[in-house]
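Undergrad: Just dropping this structure here.
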Amino acid sequence: MLTLYSTALSANGRKVLAVGRHLELDIDVRPVNVYRGEGRHAEYLAINPTGKIPALVDGDLTLYESNAILMYLCEAHGGYRLWSREPKPRGRIARWLFWESAHWQPTLGTLLSACVGHRLRPDLAPPPAAAPDWNAATLAPLLTVLEATLSASPFLAGDEISIADFAVAGMTTYFPVANFPFEKYPAFNEWYRRIGMLEAWRATREPLWSG
């Protein structure tokens, strides 16, 4: 039995939950609300010493880092669906996984921290002084890359959906409450709509991020 410690309140937590659901895997999901301090409990730190989510336990394997979990689920339990057995398509997908963790998520994490923090813990985090700056110099090149890629193909790694799409979609969980200017990025907007139509994505939606 796969055991996944996660919460859909988190972008990283949601993308793993959604992939597990999309692959129709039998997973025992154990909620861990890191925003309420549950990640610092001794029982959880024994599983994931970083105190973050998600974390996956499969027999004698304990795995954390969300994109690593995505790859493992597809290879070990998903018959390589959303991934690939072939080096070239696998390389294209992996490129986006690394791009997401190295550029997309850190940039958006900084940009959205005040907005997301207040939503999660209004008792601790005051309302943001200003709306997120969607024209930030750090973000503009990333959106340009996404818009160009999605103008050429319906999904990030080509014609078929992959874990690259789920990985990048993770941070878009917060976009409805942060007034992202979808109208400026029509190809990205259409991709976002396609992701939003997936049963697995709808099933992992948290009302807190519905706008």
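The chains in the structure tokens are called A, B, ... from first to last as shown; in each chain the residues are counted from 1, and the ligands are counted from 1 in the order shown.
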Taking the backbone alone, and naming residues the way the document does, which bits of stretch 4-195 of chain A are strand (DSSP E) by DSSP, as a list in words?
TA: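 Assigned to strand (DSSP E), within stretch 4-195 of chain A: Leu4, Tyr5, Ser6, Ile27, Asp28, Val29, Arg30, Pro31, Ala55, Leu56, Val57, Asp58, Leu61, Thr62, Leu63 and Tyr64 of chain A.
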Undergrad: Taking 6 positions as the minimum chain separation for residues in the same chain, which residues sit within 9 Å of stretch 193-207 of chain A when counting only C-alpha atoms? Answer as a list in words.
TA: Ala8, Leu9, Arg14, Lys15, Leu17, Ala18, Val19, Gly20, Arg21, His22, Leu23, Pro154, Ile161, Asp165, Phe166, Ala169 and Thr173 of chain A
Undergrad: If we count only C-alpha atoms, what is near A:Leu208 at a cut-off of 9 Å, once residues fewer than 5 positions away on the same chain are taken out, given as a ChimeraX atom specification?
TA: /A:9,119-120,177
Undergrad: Excluding stretch 138-143 of chain A and any residue of its chain fewer than 4 positions from it, enumerate the residues within 8 Å of it, using only C-alpha atoms, and give them as number ranges by chain.
TA: A: 103-104, 107-108, 134, 147
Undergrad: Keeping C-alpha atoms for every residue in the selection just given, could you write it to a file as an mmCIF file, in the first residue's frame?
TA:
data_model
loop_
_atom_site.group_PDB
_atom_site.id
_atom_site.type_symbol
_atom_site.label_atom_id
_atom_site.label_comp_id
_atom_site.auth_asym_id
_atom_site.auth_seq_id
_atom_site.Cartn_x
_atom_site.Cartn_y
_atom_site.Cartn_z
ATOM 1 C CA HIS A 103 12.688 28.802 -11.687
ATOM 2 C CA TRP A 104 8.885 28.720 -11.742
ATOM 3 C CA THR A 107 9.820 32.988 -8.459
ATOM 4 C CA LEU A 108 6.118 32.535 -7.773
ATOM 5 C CA TRP A 134 2.538 40.177 -12.346
ATOM 6 C CA GLU A 147 3.342 31.234 -23.760
#
Undergrad: Please identify which residues in stretch 21-175 of chain A DSSP calls alpha helix (DSSP H) from the backbone, and express them as a PyMOL selection string.
TA: chain A and resi 21-22+42-45+66-72+87-99+105-120+140-152+163-169
Undergrad: Write out as a ChimeraX atom specification the residues lying within 10 Å of stretch 56-58 of chain A, counting only C-alpha atoms and excluding same-chain residues fewer than 5 positions away.
TA: /A:1-6,16,27-29,47-48,63-66,68-69,72-73,76
